[in-house]
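To start, the structure under review is shown below, and the notes come after it.
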Amino acid sequence: MQKRFFVSILISGLLLAGCTGGSTDNSGVGQNSQLPSYVVDAINAPKSTLSQDVKDALTYMYSEEGLAHDVYLDIYTVQQVRQLQNIATRSEVKHIDAVNQMAIKYDLNMTQYPDTDIPYSIEGIGNGKYPVDDVQYLYDLLYAKGIQSQKDALEVGCMVEVVDIDDLDTYISYARSSGATDVLSVFEFLRDGSYNHYWAFDNGLKNMGITEGCCSISDALGHSYCHPEYPQK
């Protein structure tokens with residue numbers, strides 16, 4: 001279930017800078033995060049029988065949530081946008097921790113995607129480097145965009161959250177089909193967080209005078225970034 005981003009439809013001018021960023025050392029993220037009780041219950045519940053699609057989804061989402069954490073903090077070192085730091089340190093660490101613990105539960109390998117047969121390992125994760133080529137490409141692309149301006153930084157936030165939600169919509173359907181209620185609870189936790197993050201970045205753009213918020217971003221990477229239907233708290 002290797003995910004492919006559709007680079008050919010990138011909008012003109014999405015990326016003006018070609019450099020990639022040096023990531024901070026985030027190898028210990030998530031160790032002390034406090035997960036909601038229903039997520040803890042899902043992690044501690046008896047194991048479900050997972051389809052290969054669900055195993056691959058867990059593996060993939062670990063890298064994708066790691067990307068959100070890393071790219072937000074790394075852009076923040078250049079563009080001091082408070083949403084980036086707040087979301088990375090208060091929420092993304094919990095997302096990484098939740099998927100991490102599910103991988104431990106099912107003994108999934110996180111560093112040799114999509115091979116989920118080798119024992120679980122997190123070596124090399126959390127430092128801006130990812131075992132999934134498409135996630136690595138996306139990190140490099142979005143970092144280079146986000147450091148250009150505060151507006152670009154907020155747009156990167158919109159884009160990351162939409163990519164997460166689109167992927168999770170698919171992976172939630174896999175978990176439901178497999179009857180993997182524990183994985184379903186974790187994926188819904190991740191998606192609910194991404195909804196909130198999307199609106200935080202949307203409000204940030206609107207506060208800058210971008211009246212359409214995330215809807216001002218043209219379609220790219222195979223995704224549309226205008227989602228007024230997303231639930232808001």
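Each chain in the structure tokens gets a letter, A, B and so on, in the order shown; residues start at 1 in every chain, and ligands are counted from 1 in the order they appear.
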Contact table stretch 131-187 of chain A vs stretch 86-107 of chain A, cut-off 9 Å, shortest pair per residue, only C-alpha atoms, as JSON lines:
```
{"residue": "A:Asp182", "atom": "CA", "partner": "A:Met102", "partner_atom": "CA", "distance": 8.7}
{"residue": "A:Val183", "atom": "CA", "partner": "A:Met102", "partner_atom": "CA", "distance": 7.6}
{"residue": "A:Val186", "atom": "CA", "partner": "A:Ala98", "partner_atom": "CA", "distance": 6.7}
{"residue": "A:Phe187", "atom": "CA", "partner": "A:Val99", "partner_atom": "CA", "distance": 8.5}
```
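In this comparison, which uses only C-alpha atoms, the residue of A:Ser194, A:Thr211, A:Ser48, A:Ser218 approaching A:Val160 most closely is A:Ser194.
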Residues within 7 Å of stretch 137-141 of chain A, please, as a VMD selection string. Count only C-alpha atoms; anything in the same chain fewer than 4 positions from it doesn't count.
chain A and resid 20 67 71 133 145
Those selected residues, please, written with C-alpha atoms and delivered as a short mmCIF file (atom, residue, chain, number, x, y, z; two decimals), in the first residue's frame.
```cif
data_model
loop_
_atom_site.label_atom_id
_atom_site.label_comp_id
_atom_site.auth_asym_id
_atom_site.auth_seq_id
_atom_site.Cartn_x
_atom_site.Cartn_y
_atom_site.Cartn_z
CA THR A 20 16.24 21.24 2.71
CA LEU A 67 6.70 14.60 9.52
CA VAL A 71 8.45 20.08 9.84
CA ASP A 133 10.34 7.88 0.37
CA LYS A 145 8.25 26.30 1.28
#
```
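For the set A:Glu155, A:Asp219, A:Glu229, A:Asp53, the residue with the smallest atom-to-atom gap to A:Asn203 is A:Glu155, counting only C-alpha atoms.
Minimum distance to A:Asp56 across A:Tyr76, A:Phe189, A:Tyr38, A:Tyr174 (counting only C-alpha atoms) occurs at A:Tyr174.
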Go through A:Met61, A:Leu190, A:Leu154, A:Cys215 one by one, measure the shortest atom-to-atom distance of each to A:Pro36 using only C-alpha atoms, and give the residue with the smallest value.
A:Leu190
Rounded to one decimal place, report the atom CA of A:Tyr225-atom CA of A:Ser149 distance in Å.
18.8 Å
Please, which residues of stretch 139-221 of chain A, numbered as in this document, come out alpha helix (DSSP H) from DSSP, as a ChimeraX atom specification?
/A:139-146,150-178,181-207
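The closest residue to A:Ser51, picked from A:Ser178, A:Gln79, A:Ser185, A:Gln150 and counting only C-alpha atoms, is A:Ser178.
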Give me, as a VMD selection string, all polymer residues having an atom no more than 9 Å from A:Thr77, counting only C-alpha atoms and skipping those fewer than 4 positions away in the same chain.
chain A and resid 72 to 73 147
I need the chosen residues saved as a compact mmCIF listing (two decimals), in the first residue's frame, with N, CA and C atoms.
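Now in out-v2.txt:
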```
# COMPACT_ATOMS: atom_id res chain seq x y z
N TYR A 72 6.95 21.17 11.45
CA TYR A 72 6.45 22.34 12.16
C TYR A 72 7.54 22.96 13.03
N LEU A 73 8.24 22.14 13.80
CA LEU A 73 9.27 22.68 14.67
C LEU A 73 10.45 23.24 13.87
N ILE A 147 9.74 27.94 5.16
CA ILE A 147 10.70 28.90 5.70
C ILE A 147 10.70 30.23 4.95
```
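Ranking A:Asp167, A:Asp152, A:Asp70, A:Asp192 by their shortest atom-to-atom distance to A:Cys214, with only C-alpha atoms included, puts A:Asp152 first.
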